[in-house]
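Have a look at the structure below, then the notes.
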Amino acid sequence: MSAEPPDAPGPDQPLVRRLLTPRLRRVDLAVAALLAVLGFAAVVQVRSTQADGPLATARQEDLVQILDELANRNDRLRAEVGALERTRQELTSGTGTNEAALAEARRRSQLLGVLAGTVAARGPGLGITITDPKGQVTGDVLLGALEELRAAGAEAVQIQGPAVLGDPPSSRAPGAVRVVASTSFVNGDDGGVVVDGMLLRPPYRFTVIGDPNTIETALGIPGGVLDTVEQSGGRVVVVQGQDVLVGALRATTTPRYARPAS
Amino acid sequence: MIPALALIVGVVLGLAFEPTVPAALQPYLPIAVVAALDAVFGAVRAQLEGIFDDRVFVVSFVSNVLVAGLVVFLGDQLGVGGQLSTGVVVVLGIRIFSNAAAIRRRVFHA
């Protein structure tokens, strides 16, 4: 407007002259003020748009929608957090359960090992020596003695004869047989008793873990082990001990047919 | 010359003060700026065609801004504020383009 060169040609002459009049008219001030306001507002708007990001210029309904979406997303994430935390808890408590189960299984296998004769056992008990000078103590006498011991609460039993040839040299209890549920007593051809395939000769030494007093009392009842053996011409010597070792072991056998049913 | 200087002064002031836009004005300021731009382009075109009149410019500038703001305000009240401001921007944009085309024809004779 006022930038027109002073020597602008013909038709614009009056306008130019008017624009170039030195006094600043009020309307010129208004124009200048408006443009200043425009520049100011434009810069402010650009600044606020850059500073506030897209949310500042978003409309109210858009903002409400965005808020809704955020709330929904928040809910979903919260639910996910809950689920994950439950999973984590299950996993941690699961490992706890696993450890407990493992410990329980170990304990149980130890107990069953004592029963099955695959682990050595020690504890209070007694040693019983049955001598047989006349060769009259047969397998069924020993079996009767064993039944007495079991009835009196014997928990681990081994029978040992004097060392004979054929013992495995590494055996912890040479000449000893761990007595288990399947133990058999067969009279030997020329004396002695074959216990689970091993020929034992007298004197037979039972090593028993159990309540010593109860077992000793049980041995001495009329018609019991003491009576039977003495009728056969033998003698029974009982020695109690607080820490008796039943060290004879059996090999673990895997059942060929039976499988755990549960 | 003076309006161009005033424009620059306004820009400098805006850069210097960095004021925040009041929340009530936030929906209207961008529309107002676009409307004012439309008035300015129209003024430049009129200037080049030799029919510029400062009174007309002042009135059209102010009324452009006010009408644009009013339209957006009405749109907000009616729940179509977003669409209406888009419409206003589109219309003003078209006017700015046609003014720019006229200016181009004047300046470059093409």
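FYI, nothing fancy with the structure tokens labels: chains A, B, ... in order, residues from 1 per chain, ligands from 1 as they appear.
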
Subject >> Interface list for chain B, partner chain A, 6 Å threshold, only C-alpha atoms, as a PyMOL selection string >> reply: chain B and resi 1+3+6-7+10-11+14+33

**OP:** From segment 81-178 of chain A, collect each residue whose DSSP state is alpha helix (DSSP H) and return the set as a PyMOL selection string.
**Re:** chain A and resi 81-116+139-151

**OP:** Enter the distance from atom CA of Ala181 of chain A to atom CA of Leu143 of chain A, in Å, rounded to one decimal.
**Re:** 11.8 Å

Original post:
How far is it from atom CA of Ile128 of chain A to atom CA of Val237 of chain A, in Å with one decimal?
Top reply: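 According to the coordinates, atom CA of Ile128 of chain A and atom CA of Val237 of chain A are separated by 5.6 Å.
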
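Distances from B:Val58, B:Ser85, B:Ala100, B:Leu92 to Pro27 of chain B were compared using only C-alpha atoms, and the smallest one belongs to B:Ser85.
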
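Among the candidates A:Ile209, A:Val119, A:Leu112, A:Val229, the one nearest to Gly135 of chain A when counting only C-alpha atoms is A:Val229.
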
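Our summary of the geometry notes that atom CA of Ile96 of chain B is positioned 23.9 Å from atom CA of Val80 of chain B.
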
Original post:
What's the 6 Å shell around Gly241 of chain A, counting only C-alpha atoms, without same-chain residues fewer than 6 positions away, as a list in words?
Top reply: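 Close residues of Gly241 of chain A: Pro124, Gly125 and Leu126 of chain A.
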
Restricted to N, CA and C atoms, what would the selected residues look like written as a JSON list (two decimals), in the first residue's frame?
[["chain", "number", "residue", "atom", "x", "y", "z"],
["A", 124, "PRO", "N", 17.72, -97.89, 67.01],
["A", 124, "PRO", "CA", 17.70, -98.79, 68.18],
["A", 124, "PRO", "C", 17.19, -100.16, 67.78],
["A", 125, "GLY", "N", 17.72, -101.15, 68.38],
["A", 125, "GLY", "CA", 17.29, -102.50, 68.03],
["A", 125, "GLY", "C", 18.08, -103.51, 68.84],
["A", 126, "LEU", "N", 18.22, -104.71, 68.27],
["A", 126, "LEU", "CA", 18.97, -105.73, 68.99],
["A", 126, "LEU", "C", 19.60, -106.72, 68.04]]
